[in-house]
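Student: Have a look at the structure that comes next, please.
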Amino acid sequence: MGTVGGGVTIEEVAPGVYRLPFAVGTKPLAMYVLAGDGLTLIDTGLTDTPEAIYLPAIAELGRRPDEVRLVLITHADADHIGGDRAARTLFPHALLACHAADARWVADPAVLSAERYDGFRPFGLRYDDETFATLDGWMFSGRPEPADLLFQGGERIRLAGDDWLDVVHVPGHTAGHLALHNPAGGYALIGDAVFGASQLDTGGAKAAAPPYVAVAPYRATVDRLAALGIGTLLTCHYPVMRGGEVGTFLAESRAWADRAEAAIEEALREAAAPLTLGEAIERTDPELGPFQNPRELQWALRAHLEQAAARGRARAVDHSGITAWVHAGA
Ligand SMILES: [Zn+2]
């Protein structure tokens, strides 16, 4: 397919489904246009993505911005909601949709930043100011941008004619992550629902750990996606996967969560003093990665430590003013 402004290549990855891959620094990112009787956009990327990526792509497809009727936000993260304000302006007929559980974060970048990205203070960790500034720069933070439609999963979106997409709730990375599944076409758009054994950089190297926030929902999501029998798996940060690659990726996602659980159990067992989240990262990174950015293990390891506590395998304690954990199992 064609190339649009900025060197973005448009690839038709399933009938009427166009993938627009680009990169933010060394982080690969892909947006999608579903071109049917109207246009549906999957995520809004960064502040300038609607203008820089979507507008030229829509023109290349021979369509018009006023044909965009739905903008589906897969989940509340800076690189997926940042262009919401611009999308409102550029696509005046579009309704903005997300899952109800992510609605507060989708609506307001300031709340997202405070509650999600700055949610590690109780555990003694905090991004530096530069990282917060980068994340803020990805999002239009001028005013709240609430969604028009809140999904729960189970809704259906018509692409064209009798071609329908099922909205699927796939929690784990966020509580309200959404995917779209087209059973007839055998494809699914899953955003950031699962991460294999690593987030990858544009060179394919292990950039950072799978960033899920809750273990049981993440595992259930992997199983649910596996049960769909997906032939073409479309994500926002990985190359298109087809056929056997899909099962391999899902198996790697499951296996990494199993390894992380075992690594946390071992770290708890071996710790001579209460285990902080920072120490858990240091102890497990060599085995679980190693990753270019070990710090991002904070998401999954917090989830595993909280799961261990919920199962009576660990006990949360106050350790010099921060929450740490001690082993509590047999
Ligand atoms: Zn993402």
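The chains in the structure tokens are called A, B, ... from first to last as shown; in each chain the residues are counted from 1, and the ligands are counted from 1 in the order shown.
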Would you kindly return, as a PDB file with C-alpha atoms, in the first residue's frame, each protein, DNA or RNA residue with an atom no farther than 9 Å from any atom of Arg143 of chain A, considering only C-alpha atoms and excluding same-chain residues fewer than 6 positions away?
Tutor:
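out-v9.pdb written:
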ATOM      1  CA  ARG A  85      -8.285  16.559  21.667  1.00  0.00           C
ATOM      2  CA  ALA A 107     -10.922  11.688  30.268  1.00  0.00           C
ATOM      3  CA  ASP A 108      -8.118  13.517  32.019  1.00  0.00           C
ATOM      4  CA  PRO A 109      -4.360  13.186  31.392  1.00  0.00           C
TER       5      PRO A 109
END
Student: What lies within 8 Å of segment 42-44 of chain A using only C-alpha atoms, ignoring chain neighbours under 6 positions off, as a list of chain:residue names?
Tutor: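 So the residues in contact are A:Met31, A:Tyr32, A:Val33, A:Leu34, A:Pro50, A:Val71, A:Leu72, A:Ile73, A:Thr74, A:Asp79, A:His80, A:Ile81, A:Gly82, A:Gly83, A:Asp84, A:Ala87.
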Student: Taking only C-alpha atoms and all ligand atoms into account, which residues are within 10 Å of ligand 1, as a PyMOL selection string?
Tutor: chain A and resi 27-30+43+45+74-81+173+191-193+199+211+235-237
Student: Which one is closest to Pro274 of chain A: A:Ser113, A:Arg315, A:Trp138, A:Ala23? Count only C-alpha atoms.
Tutor: A:Arg315
Student: Which of these, A:Ala97, A:Ala35, A:Ala209, A:Val8, has the shortest distance to Gly161 of chain A once you count only C-alpha atoms?
Tutor: A:Ala35
Student: Among segment 165-282 of chain A, which residues carry a DSSP assignment of alpha helix (DSSP H), reported as a ChimeraX atom specification?
Tutor: /A:215-227,244-270,277-282
Student: Which residues are close to Ala251 of chain A, i.e. within 10 Å by only C-alpha atoms, leaving aside same-chain residues fewer than 3 positions away? Reply as a list in words.
Tutor: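 The residues satisfying every condition are Gly196, Ala197, Val222, Asp223, Ala226, Glu245, Val246, Gly247, Thr248, Arg254, Ala255 and Trp256 of chain A.
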Student: Please compute the atom CA of Glu67 of chain A-atom CA of Leu95 of chain A distance, one decimal, in Å.
Tutor: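 Atom CA of Leu95 of chain A lies 11.4 Å from atom CA of Glu67 of chain A.
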